[in-house]
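Participant: My file is upload25.csv. It has CSV, C-alpha atoms:
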```csv
chain,number,residue,atom,x,y,z
A,107,MET,CA,-8.4,1.4,24.0
A,108,LYS,CA,-6.0,4.3,23.9
A,109,SER,CA,-5.2,6.5,20.9
A,110,PHE,CA,-2.4,8.9,20.2
A,111,ARG,CA,-1.8,11.5,17.4
A,112,LYS,CA,1.3,13.4,16.4
A,113,GLU,CA,2.5,15.2,13.3
A,114,LEU,CA,6.0,15.4,11.9
A,115,PHE,CA,7.1,18.3,9.8
A,116,PHE,CA,9.5,18.4,6.8
A,117,THR,CA,10.9,21.1,4.6
A,118,THR,CA,13.4,19.4,2.3
A,119,ASP,CA,16.3,21.1,0.6
A,120,LYS,CA,15.7,19.2,-2.6
A,121,ARG,CA,12.7,18.5,-4.9
A,122,TYR,CA,13.2,14.7,-4.4
A,123,GLN,CA,14.5,13.5,-1.1
A,124,LEU,CA,14.1,10.4,1.2
A,125,ILE,CA,14.3,11.0,5.0
A,126,HIS,CA,14.8,8.3,7.6
A,127,ILE,CA,12.1,8.7,10.3
A,128,THR,CA,12.1,5.4,12.3
A,129,ASP,CA,13.5,7.1,15.4
A,130,ALA,CA,10.8,9.8,15.3
A,131,VAL,CA,8.1,7.2,14.9
A,132,GLN,CA,9.5,5.1,17.8
A,133,LYS,CA,9.6,8.3,19.9
A,134,ALA,CA,5.9,8.8,19.2
A,135,VAL,CA,5.2,5.2,20.3
A,136,ASN,CA,7.1,5.9,23.5
A,137,GLU,CA,5.1,9.1,24.1
A,138,SER,CA,1.8,7.2,23.5
A,139,GLY,CA,2.4,4.7,26.3
A,140,ILE,CA,0.8,2.1,24.0
A,141,LYS,CA,2.4,-1.3,24.4
A,142,GLU,CA,0.2,-3.4,22.0
A,143,GLY,CA,-1.5,-2.0,18.9
A,144,LEU,CA,-1.2,-0.6,15.4
A,145,CYS,CA,0.7,2.5,14.3
A,146,LEU,CA,-0.4,4.3,11.1
A,147,VAL,CA,2.2,6.6,9.5
A,148,ASN,CA,1.0,8.5,6.5
A,149,ALA,CA,2.0,11.4,4.3
A,150,MET,CA,-0.6,14.2,4.7
A,151,HIS,CA,0.3,15.5,1.2
A,152,ILE,CA,-0.4,13.8,-2.1
A,153,THR,CA,3.0,14.2,-3.7
A,154,ALA,CA,4.8,12.4,-0.8
A,155,SER,CA,5.1,8.9,0.5
A,156,VAL,CA,5.8,7.0,3.7
A,157,PHE,CA,7.4,3.7,3.0
A,158,ILE,CA,9.5,0.9,4.7
A,159,ASN,CA,12.7,-0.3,3.2
A,160,ASP,CA,16.4,-0.4,3.7
A,161,ASN,CA,18.4,2.5,5.2
A,162,GLU,CA,21.1,2.3,2.4
A,163,SER,CA,22.1,5.3,0.3
A,164,GLY,CA,22.8,3.3,-2.9
A,165,LEU,CA,19.3,1.9,-2.8
A,166,HIS,CA,17.8,5.3,-2.2
A,167,GLN,CA,19.6,6.6,-5.3
A,168,ASP,CA,18.2,3.5,-7.2
A,169,TYR,CA,14.7,4.4,-6.1
A,170,LEU,CA,14.9,8.0,-7.2
A,171,GLU,CA,16.4,7.0,-10.6
A,172,TRP,CA,13.8,4.2,-11.1
A,173,LEU,CA,10.9,6.5,-10.2
A,174,GLU,CA,12.2,9.1,-12.7
A,175,LYS,CA,12.2,6.3,-15.4
A,176,LEU,CA,8.6,5.1,-14.5
A,177,ALA,CA,7.1,8.6,-14.1
A,178,PRO,CA,9.5,11.3,-15.5
A,179,TYR,CA,9.4,14.9,-14.5
A,180,SER,CA,7.8,16.9,-17.4
A,181,ARG,CA,6.5,20.4,-17.4
A,182,GLU,CA,4.4,19.8,-20.5
A,183,GLY,CA,3.7,16.1,-20.4
A,184,TYR,CA,0.9,15.8,-17.8
A,185,HIS,CA,-2.7,17.0,-18.0
A,186,HIS,CA,-2.3,17.9,-14.3
A,187,ASN,CA,0.4,20.5,-15.0
A,188,VAL,CA,-1.8,23.5,-15.6
A,189,GLY,CA,-0.1,26.1,-13.5
A,190,GLU,CA,1.8,23.3,-11.8
A,191,ASP,CA,4.7,21.1,-12.7
A,192,ASN,CA,4.4,18.3,-10.1
A,193,GLY,CA,2.3,15.8,-12.2
A,194,ASP,CA,5.2,13.3,-11.9
A,195,ALA,CA,5.2,13.6,-8.1
A,196,HIS,CA,1.6,12.3,-7.8
A,197,LEU,CA,2.5,9.2,-9.9
A,198,LYS,CA,5.8,8.6,-8.1
A,199,ARG,CA,4.0,8.7,-4.8
A,200,GLN,CA,1.5,5.9,-5.9
A,201,ILE,CA,4.5,3.6,-6.6
A,202,MET,CA,6.0,4.2,-3.2
A,203,GLY,CA,2.7,4.3,-1.3
A,204,ARG,CA,1.0,6.8,1.0
A,205,GLU,CA,1.2,5.0,4.3
A,206,VAL,CA,2.5,2.2,6.4
A,207,VAL,CA,0.8,0.3,9.2
A,208,VAL,CA,3.3,-1.1,11.7
A,209,ALA,CA,2.5,-3.5,14.6
A,210,ILE,CA,3.5,-2.4,18.1
A,211,THR,CA,4.5,-5.2,20.4
A,212,ASN,CA,5.8,-4.6,23.9
A,213,GLY,CA,6.1,-0.9,23.2
A,214,LYS,CA,8.3,-1.3,20.2
A,215,LEU,CA,7.8,-1.0,16.4
A,216,ASP,CA,7.7,-4.7,15.6
A,217,PHE,CA,10.2,-4.8,12.8
A,218,GLY,CA,12.3,-7.4,10.9
A,219,PRO,CA,16.1,-7.0,10.9
A,220,TRP,CA,16.4,-4.3,8.2
A,221,GLU,CA,13.0,-2.5,8.2
A,222,ALA,CA,13.2,1.2,8.5
A,223,ILE,CA,10.6,3.9,7.8
A,224,PHE,CA,11.1,6.7,5.3
A,225,TYR,CA,9.4,9.9,4.3
A,226,GLY,CA,9.6,10.2,0.5
A,227,GLU,CA,9.4,13.7,-0.9
A,228,PHE,CA,8.7,14.2,-4.6
A,229,ASP,CA,7.8,17.9,-4.7
A,230,GLY,CA,9.7,19.4,-1.9
A,231,ARG,CA,11.2,22.7,-0.8
A,232,ARG,CA,8.0,23.6,1.0
A,233,LYS,CA,6.6,22.7,4.5
A,234,LYS,CA,4.9,19.3,4.6
A,235,ARG,CA,3.5,17.0,7.2
A,236,VAL,CA,3.3,13.3,8.2
A,237,LEU,CA,0.6,12.0,10.5
A,238,ILE,CA,1.3,9.3,13.2
A,239,LYS,CA,-1.9,7.7,14.7
A,240,ILE,CA,-1.5,4.9,17.2
A,241,ILE,CA,-4.3,2.8,18.7
A,242,GLY,CA,-4.0,0.1,21.2
A,243,GLU,CA,-3.5,-0.5,24.9
B,133,MET,CA,-9.2,-4.7,23.4
B,134,LYS,CA,-7.2,-7.9,22.6
B,135,SER,CA,-4.1,-8.3,20.5
B,136,PHE,CA,-2.5,-11.3,19.0
B,137,ARG,CA,0.9,-11.8,17.3
B,138,LYS,CA,2.2,-14.6,15.1
B,139,GLU,CA,5.1,-15.2,12.7
B,140,LEU,CA,5.0,-17.3,9.5
B,141,PHE,CA,8.3,-18.6,8.1
B,142,PHE,CA,9.3,-19.2,4.5
B,143,THR,CA,12.3,-20.6,2.7
B,144,THR,CA,11.5,-20.6,-1.0
B,145,ASP,CA,13.0,-23.0,-3.5
B,146,LYS,CA,13.2,-20.2,-6.1
B,147,ARG,CA,14.6,-16.7,-6.1
B,148,TYR,CA,11.2,-15.4,-7.2
B,149,GLN,CA,8.1,-17.1,-5.8
B,150,LEU,CA,4.5,-16.3,-4.8
B,151,ILE,CA,3.0,-18.4,-2.0
B,152,HIS,CA,-0.7,-18.6,-1.0
B,153,ILE,CA,-1.1,-17.8,2.7
B,154,THR,CA,-4.8,-17.1,3.2
B,155,ASP,CA,-5.4,-20.3,5.2
B,156,ALA,CA,-2.4,-19.6,7.5
B,157,VAL,CA,-3.7,-16.1,8.2
B,158,GLN,CA,-7.3,-17.3,8.9
B,159,LYS,CA,-5.8,-19.9,11.3
B,160,ALA,CA,-4.1,-17.1,13.2
B,161,VAL,CA,-7.4,-15.2,13.3
B,162,ASN,CA,-9.0,-18.4,14.8
B,163,GLU,CA,-6.2,-18.7,17.3
B,164,SER,CA,-6.6,-15.1,18.4
B,165,GLY,CA,-10.2,-15.5,19.4
B,166,ILE,CA,-10.8,-12.0,17.9
B,167,LYS,CA,-14.2,-11.6,16.3
B,168,GLU,CA,-14.2,-7.9,15.2
B,169,GLY,CA,-11.0,-6.0,14.4
B,170,LEU,CA,-8.1,-5.4,12.0
B,171,CYS,CA,-5.5,-7.9,10.9
B,172,LEU,CA,-2.1,-6.6,9.7
B,173,VAL,CA,0.0,-9.0,7.6
B,174,ASN,CA,3.4,-7.7,6.6
B,175,ALA,CA,6.7,-9.0,5.2
B,176,MET,CA,9.4,-8.5,7.8
B,177,HIS,CA,12.0,-8.4,5.1
B,178,ILE,CA,12.5,-5.6,2.6
B,179,THR,CA,12.9,-7.7,-0.5
B,180,ALA,CA,9.5,-9.4,-0.1
B,181,SER,CA,5.8,-8.5,-0.2
B,182,VAL,CA,2.4,-9.4,1.2
B,183,PHE,CA,-0.4,-8.7,-1.2
B,184,ILE,CA,-3.9,-9.6,-2.0
B,185,ASN,CA,-5.0,-10.8,-5.5
B,186,ASP,CA,-6.2,-13.8,-7.4
B,187,ASN,CA,-5.1,-17.4,-6.7
B,188,GLU,CA,-4.5,-18.1,-10.4
B,189,SER,CA,-1.2,-19.4,-11.7
B,190,GLY,CA,-1.4,-17.6,-15.1
B,191,LEU,CA,-1.8,-14.3,-13.3
B,192,HIS,CA,1.2,-15.1,-11.0
B,193,GLN,CA,3.3,-15.8,-14.0
B,194,ASP,CA,2.1,-12.4,-15.4
B,195,TYR,CA,3.1,-10.7,-12.2
B,196,LEU,CA,6.6,-12.1,-12.2
B,197,GLU,CA,7.2,-11.3,-15.9
B,198,TRP,CA,5.8,-7.8,-15.5
B,199,LEU,CA,7.9,-7.0,-12.4
B,200,GLU,CA,11.0,-8.2,-14.3
B,201,LYS,CA,10.1,-5.7,-17.0
B,202,LEU,CA,9.6,-2.8,-14.6
B,203,ALA,CA,12.6,-3.6,-12.4
B,204,PRO,CA,14.8,-6.1,-14.1
B,205,TYR,CA,17.4,-8.2,-12.3
B,206,SER,CA,20.9,-6.8,-12.9
B,207,ARG,CA,24.1,-7.5,-11.1
B,208,GLU,CA,25.7,-4.3,-12.3
B,209,GLY,CA,22.8,-2.0,-12.9
B,210,TYR,CA,21.9,-0.9,-9.3
B,211,HIS,CA,23.9,1.3,-6.9
B,212,HIS,CA,22.6,-1.0,-4.1
B,213,ASN,CA,24.5,-3.9,-5.6
B,214,VAL,CA,27.8,-3.5,-3.9
B,215,GLY,CA,28.5,-7.0,-2.6
B,216,GLU,CA,24.8,-7.8,-3.3
B,217,ASP,CA,22.7,-8.6,-6.3
B,218,ASN,CA,19.2,-8.0,-5.0
B,219,GLY,CA,18.6,-4.3,-6.0
B,220,ASP,CA,15.8,-5.4,-8.3
B,221,ALA,CA,14.0,-7.2,-5.4
B,222,HIS,CA,13.8,-3.9,-3.3
B,223,LEU,CA,12.1,-2.3,-6.3
B,224,LYS,CA,9.8,-5.2,-7.1
B,225,ARG,CA,8.6,-5.2,-3.5
B,226,GLN,CA,7.6,-1.6,-3.7
B,227,ILE,CA,5.3,-2.3,-6.6
B,228,MET,CA,3.6,-5.2,-4.9
B,229,GLY,CA,3.6,-3.6,-1.4
B,230,ARG,CA,4.9,-4.5,2.1
B,231,GLU,CA,1.6,-5.2,3.9
B,232,VAL,CA,-2.1,-5.7,3.8
B,233,VAL,CA,-4.7,-4.7,6.4
B,234,VAL,CA,-7.7,-7.0,6.4
B,235,ALA,CA,-11.0,-6.5,8.3
B,236,ILE,CA,-12.1,-9.2,10.6
B,237,THR,CA,-15.9,-9.6,10.9
B,238,ASN,CA,-17.5,-12.3,12.9
B,239,GLY,CA,-14.2,-14.1,13.3
B,240,LYS,CA,-13.4,-14.3,9.6
B,241,LEU,CA,-11.2,-12.5,7.1
B,242,ASP,CA,-13.8,-10.1,5.6
B,243,PHE,CA,-13.1,-10.8,1.9
B,244,GLY,CA,-14.7,-10.3,-1.5
B,245,PRO,CA,-15.3,-13.3,-3.7
B,246,TRP,CA,-11.8,-13.8,-5.1
B,247,GLU,CA,-9.5,-12.1,-2.6
B,248,ALA,CA,-6.6,-14.2,-1.4
B,249,ILE,CA,-3.4,-13.3,0.5
B,250,PHE,CA,0.1,-14.0,-0.9
B,251,TYR,CA,3.6,-13.9,0.2
B,252,GLY,CA,5.7,-12.5,-2.6
B,253,GLU,CA,9.4,-13.5,-2.5
B,254,PHE,CA,11.8,-11.6,-4.7
B,255,ASP,CA,15.2,-12.7,-3.1
B,256,GLY,CA,14.5,-16.2,-1.8
B,257,ARG,CA,16.3,-19.4,-1.0
B,258,ARG,CA,16.9,-18.1,2.6
B,259,LYS,CA,14.7,-18.1,5.7
B,260,LYS,CA,12.3,-15.2,5.9
B,261,ARG,CA,9.4,-14.1,8.0
B,262,VAL,CA,5.9,-12.7,7.8
B,263,LEU,CA,4.3,-10.9,10.8
B,264,ILE,CA,0.6,-11.2,11.6
B,265,LYS,CA,-0.7,-8.7,14.2
B,266,ILE,CA,-4.4,-8.7,15.1
B,267,ILE,CA,-6.2,-6.2,17.3
B,268,GLY,CA,-9.9,-6.2,18.2
B,269,GLU,CA,-12.4,-7.9,20.4
C,103,MET,CA,-13.6,-0.8,21.5
C,104,LYS,CA,-16.3,-0.3,18.9
C,105,SER,CA,-16.4,-1.6,15.4
C,106,PHE,CA,-18.5,-0.7,12.4
C,107,ARG,CA,-18.8,-2.2,8.9
C,108,LYS,CA,-20.4,-0.9,5.7
C,109,GLU,CA,-20.2,-1.7,2.0
C,110,LEU,CA,-20.4,0.7,-0.9
C,111,PHE,CA,-21.5,-0.5,-4.3
C,112,PHE,CA,-20.4,0.6,-7.7
C,113,THR,CA,-21.3,-0.3,-11.3
C,114,THR,CA,-19.3,2.0,-13.5
C,115,ASP,CA,-20.2,3.1,-17.0
C,116,LYS,CA,-16.7,2.7,-18.3
C,117,ARG,CA,-14.2,-0.1,-18.1
C,118,TYR,CA,-11.7,2.3,-16.4
C,119,GLN,CA,-13.1,4.9,-14.1
C,120,LEU,CA,-12.1,6.8,-10.9
C,121,ILE,CA,-14.8,7.7,-8.4
C,122,HIS,CA,-14.5,10.2,-5.5
C,123,ILE,CA,-15.8,8.5,-2.3
C,124,THR,CA,-14.5,10.7,0.5
C,125,ASP,CA,-18.0,11.9,1.4
C,126,ALA,CA,-19.4,8.3,1.5
C,127,VAL,CA,-16.5,7.3,3.8
C,128,GLN,CA,-17.0,10.3,6.1
C,129,LYS,CA,-20.7,9.4,6.2
C,130,ALA,CA,-19.8,5.9,7.4
C,131,VAL,CA,-17.5,7.4,10.1
C,132,ASN,CA,-20.5,9.5,11.3
C,133,GLU,CA,-22.8,6.5,11.4
C,134,SER,CA,-20.2,4.5,13.4
C,135,GLY,CA,-20.2,7.1,16.2
C,136,ILE,CA,-16.4,6.4,16.5
C,137,LYS,CA,-14.4,9.5,17.4
C,138,GLU,CA,-10.8,8.1,17.7
C,139,GLY,CA,-9.6,5.1,15.7
C,140,LEU,CA,-8.6,3.7,12.3
C,141,CYS,CA,-10.7,3.4,9.2
C,142,LEU,CA,-9.9,0.7,6.6
C,143,VAL,CA,-11.3,1.2,3.1
C,144,ASN,CA,-10.6,-1.6,0.6
C,145,ALA,CA,-11.7,-2.8,-2.7
C,146,MET,CA,-13.4,-6.2,-2.3
C,147,HIS,CA,-12.5,-7.1,-5.9
C,148,ILE,CA,-9.0,-7.8,-7.3
C,149,THR,CA,-9.2,-5.6,-10.4
C,150,ALA,CA,-10.1,-2.5,-8.5
C,151,SER,CA,-8.3,-0.1,-6.1
C,152,VAL,CA,-9.0,2.3,-3.3
C,153,PHE,CA,-6.4,5.1,-3.1
C,154,ILE,CA,-5.9,8.6,-1.8
C,155,ASN,CA,-4.8,11.5,-4.0
C,156,ASP,CA,-6.0,14.7,-5.6
C,157,ASN,CA,-9.6,15.3,-6.7
C,158,GLU,CA,-8.4,16.9,-10.0
C,159,SER,CA,-9.6,15.6,-13.4
C,160,GLY,CA,-6.4,16.3,-15.3
C,161,LEU,CA,-4.5,14.1,-12.8
C,162,HIS,CA,-7.1,11.4,-13.1
C,163,GLN,CA,-6.5,11.3,-16.9
C,164,ASP,CA,-2.8,11.2,-16.2
C,165,TYR,CA,-3.3,8.2,-13.9
C,166,LEU,CA,-5.3,6.2,-16.5
C,167,GLU,CA,-2.9,7.0,-19.4
C,168,TRP,CA,0.2,6.1,-17.2
C,169,LEU,CA,-1.4,2.8,-16.0
C,170,GLU,CA,-2.1,2.0,-19.6
C,171,LYS,CA,1.6,2.5,-20.4
C,172,LEU,CA,2.8,0.5,-17.4
C,173,ALA,CA,0.3,-2.4,-17.8
C,174,PRO,CA,-1.4,-2.1,-21.2
C,175,TYR,CA,-4.7,-3.8,-22.0
C,176,SER,CA,-4.1,-6.8,-24.2
C,177,ARG,CA,-6.4,-9.7,-25.0
C,178,GLU,CA,-3.5,-12.0,-26.0
C,179,GLY,CA,-0.7,-10.7,-23.9
C,180,TYR,CA,-1.3,-12.1,-20.5
C,181,HIS,CA,-1.2,-15.7,-19.2
C,182,HIS,CA,-4.2,-14.8,-17.1
C,183,ASN,CA,-6.4,-14.1,-20.2
C,184,VAL,CA,-7.8,-17.6,-20.8
C,185,GLY,CA,-11.4,-16.9,-21.2
C,186,GLU,CA,-10.8,-13.4,-19.7
C,187,ASP,CA,-9.4,-10.2,-20.9
C,188,ASN,CA,-8.7,-8.4,-17.6
C,189,GLY,CA,-5.1,-9.3,-17.0
C,190,ASP,CA,-4.1,-5.7,-17.2
C,191,ALA,CA,-6.6,-4.8,-14.5
C,192,HIS,CA,-4.9,-7.0,-11.9
C,193,LEU,CA,-1.6,-5.3,-12.6
C,194,LYS,CA,-3.0,-1.8,-12.7
C,195,ARG,CA,-4.6,-2.4,-9.3
C,196,GLN,CA,-1.2,-3.4,-7.8
C,197,ILE,CA,0.2,0.0,-8.8
C,198,MET,CA,-2.7,1.9,-7.3
C,199,GLY,CA,-3.1,-0.3,-4.2
C,200,ARG,CA,-6.0,-2.3,-2.7
C,201,GLU,CA,-6.7,-0.3,0.4
C,202,VAL,CA,-6.1,2.8,2.5
C,203,VAL,CA,-6.0,3.1,6.3
C,204,VAL,CA,-7.1,6.6,7.5
C,205,ALA,CA,-6.9,7.9,11.0
C,206,ILE,CA,-10.1,9.1,12.6
C,207,THR,CA,-9.6,12.1,15.0
C,208,ASN,CA,-12.5,13.8,16.8
C,209,GLY,CA,-15.0,12.0,14.5
C,210,LYS,CA,-13.4,13.1,11.2
C,211,LEU,CA,-11.1,11.5,8.6
C,212,ASP,CA,-7.8,13.0,9.7
C,213,PHE,CA,-6.6,14.4,6.3
C,214,GLY,CA,-4.1,16.8,5.0
C,215,PRO,CA,-5.3,19.7,2.8
C,216,TRP,CA,-5.8,17.9,-0.5
C,217,GLU,CA,-6.3,14.3,0.5
C,218,ALA,CA,-9.4,12.6,-1.0
C,219,ILE,CA,-10.4,9.0,-1.3
C,220,PHE,CA,-11.1,7.3,-4.7
C,221,TYR,CA,-12.4,4.1,-6.0
C,222,GLY,CA,-10.3,3.0,-9.0
C,223,GLU,CA,-12.1,0.6,-11.3
C,224,PHE,CA,-10.0,-1.2,-14.0
C,225,ASP,CA,-12.5,-3.8,-15.2
C,226,GLY,CA,-15.9,-2.1,-14.7
C,227,ARG,CA,-19.4,-2.3,-16.1
C,228,ARG,CA,-20.4,-4.9,-13.5
C,229,LYS,CA,-21.4,-4.6,-9.8
C,230,LYS,CA,-18.5,-4.3,-7.4
C,231,ARG,CA,-18.1,-3.5,-3.7
C,232,VAL,CA,-15.9,-1.5,-1.3
C,233,LEU,CA,-15.6,-2.4,2.3
C,234,ILE,CA,-15.4,0.1,5.1
C,235,LYS,CA,-14.3,-1.2,8.5
C,236,ILE,CA,-13.8,1.2,11.4
C,237,ILE,CA,-12.5,0.3,14.9
C,238,GLY,CA,-12.0,2.7,17.8
C,239,GLU,CA,-13.9,4.5,20.5
```
So, in terms of structure tokens, how does the structure I just supplied come out?

Facilitator:
Amino acid sequence: MKSFRKELFFTTDKRYQLIHITDAVQKAVNESGIKEGLCLVNAMHITASVFINDNESGLHQDYLEWLEKLAPYSREGYHHNVGEDNGDAHLKRQIMGREVVVAITNGKLDFGPWEAIFYGEFDGRRKKRVLIKIIGE
Amino acid sequence: MKSFRKELFFTTDKRYQLIHITDAVQKAVNESGIKEGLCLVNAMHITASVFINDNESGLHQDYLEWLEKLAPYSREGYHHNVGEDNGDAHLKRQIMGREVVVAITNGKLDFGPWEAIFYGEFDGRRKKRVLIKIIGE
Amino acid sequence: MKSFRKELFFTTDKRYQLIHITDAVQKAVNESGIKEGLCLVNAMHITASVFINDNESGLHQDYLEWLEKLAPYSREGYHHNVGEDNGDAHLKRQIMGREVVVAITNGKLDFGPWEAIFYGEFDGRRKKRVLIKIIGE
């Protein structure tokens, strides 16, 4: 069994931002030399997500507006916001998820026709990390 | 380390439908010959889910009604719906999740008493796929 | 490839309760002797979650209040509640998730600065289990 580890780094311009990372993850799979296995991709921060969906800008706007409805930004409205204002971000990240696990088959991310991986930032404008861990052969 | 890959296919009758797939996944585990490992089961489409919960029809009705409340169908209400009307399905799938990872122990899905795997379709009536990828020994 | 399996047991005092389990999971990683691999941690019950977020009590109160808003307790309001009253718990668990998959690197849970693992109970006051399954080398 082989294993491979890599970090990706992000400092977004905006507080809320979705970034397409499929190519960066496939590059890590290439570097690993692993042909059959599982690839874990997770946010290393608790106000961010890694998720799989469509690479379509209208949908991304829908996600951000919907998350704001389900878990609105509020400086006063969260118990967590003592000296912080990112309570909403911790909730938004639970909806979108921390991580994805993707099959690797024949050296490729084993995806359906429209699957793409995204980093979802909900408390940005600071340096954050994503972990890629691959195991297989 | 061994690996095994299989696809399941679904064409639902209804736009929204939940299908019990535990037996199909256990069958794949049997076919793999893997006794100890991890089994990834994921929707290969971005308007569908794979999730684990109870095989109880009242609960399934609750899920569909609840998802409709959190992310209602709307032809006009989503930026994504330019030439499409499945914006709601992309949101519903995020609540229910893309994938599950299940332990395999002694050749069986290592489940608690009521755990069962479901395919959740939120934009059906067309052919879709689920991926099963198993690694272990 | 090595594999390791362990169960954790919980009987909460309250119906809704979040319990910090990072140390218990790291202990299992130590016991496994696995240095590089993947660690699956999942609720074995369908009204409970395992999730990763911040070990901060204000945030935990925010989670419980938010989940109550998104999927309120109701004895009458769910189809599932025939002879039961835990319909809300099945929905709350979908928001928070069933499982996490964590990378193991150099024998440690490979975490960002604030990541911590929690057991989320939404229908407690009875004995329940969490499964830890680790594969690697």

Participant: Can you tell me how far CA of Gln132 in chain A sits from CA of Phe157 in chain A, in Å to one decimal?

Facilitator: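 Between CA of Gln132 in chain A and CA of Phe157 in chain A the gap works out to 15.0 Å.
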
Participant: Could you tell me how far CA of Lys229 in chain C lies from CA of Ile123 in chain C, in Å and to one decimal?

Facilitator: 16.1 Å

Participant: Do you know which residues are at most 12 Å from Val233 in chain B counting only C-alpha atoms, after dropping those on the same chain fewer than 4 positions away, and could you put them as a VMD selection string?

Facilitator: (chain A and resid 144 to 146 205 to 209) or (chain B and resid 157 169 to 174 182 to 184 229 241 to 243 249 263 to 267) or (chain C and resid 140 to 145 199 to 204 233 to 236)

Participant: Nearest to Asp217 in chain B among B:Arg147, B:Lys240, B:Lys167, B:His152, with distances taken over all atoms listed in the file: which residue is it?

Facilitator: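 Once distances to Asp217 in chain B are computed over all atoms listed in the file, the minimum belongs to B:Arg147.
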
Participant: Report as a Markdown table the residues of chain C within 7 Å of chain B, each with its shortest atom pair and distance in Å (one decimal), using all atoms listed in the file, ordered by chain and increasing residue number.

Facilitator:
```
| residue | atom | partner | partner_atom | distance |
| --- | --- | --- | --- | --- |
| C:Met103 | CA | B:Met133 | CA | 6.2 |
| C:Ser105 | CA | B:Glu168 | CA | 6.7 |
| C:Met146 | CA | B:Gly244 | CA | 4.4 |
| C:His147 | CA | B:Gly244 | CA | 5.9 |
| C:Ile148 | CA | B:Asn185 | CA | 5.3 |
| C:Tyr180 | CA | B:Asp194 | CA | 6.1 |
| C:His181 | CA | B:Gly190 | CA | 4.5 |
| C:His182 | CA | B:Gly190 | CA | 4.4 |
| C:Gln196 | CA | B:Met228 | CA | 5.9 |
| C:Ile197 | CA | B:Ile227 | CA | 6.0 |
| C:Lys235 | CA | B:Ala235 | CA | 6.2 |
| C:Ile237 | CA | B:Gly169 | CA | 6.5 |
```

Participant: For CA of Val161 in chain B and CA of Ala150 in chain C, quote the distance in Å rounded to one decimal.

Facilitator: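 Between CA of Val161 in chain B and CA of Ala150 in chain C the gap is 25.4 Å.
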
Participant: I need every residue sitting at most 9 Å from the point (9.8, -19.8, -2.8) (coordinates as in the file, only C-alpha atoms considered), written as a PyMOL selection string.

Facilitator: chain B and resi 142-151+252-257

Participant: Restricting the calculation to all atoms listed in the file: of B:Phe136, B:Gly219, B:Ala156, B:Phe250, which residue gets closest to Thr179 in chain B?

Facilitator: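 For Thr179 in chain B, the nearest of the candidates is B:Gly219.
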
Participant: Out of C:Asp125, C:Ser134, C:Ala191, C:Asn208, which residue has the shortest atom-to-atom distance to Lys108 in chain C when counting all atoms listed in the file?

Facilitator: C:Ser134
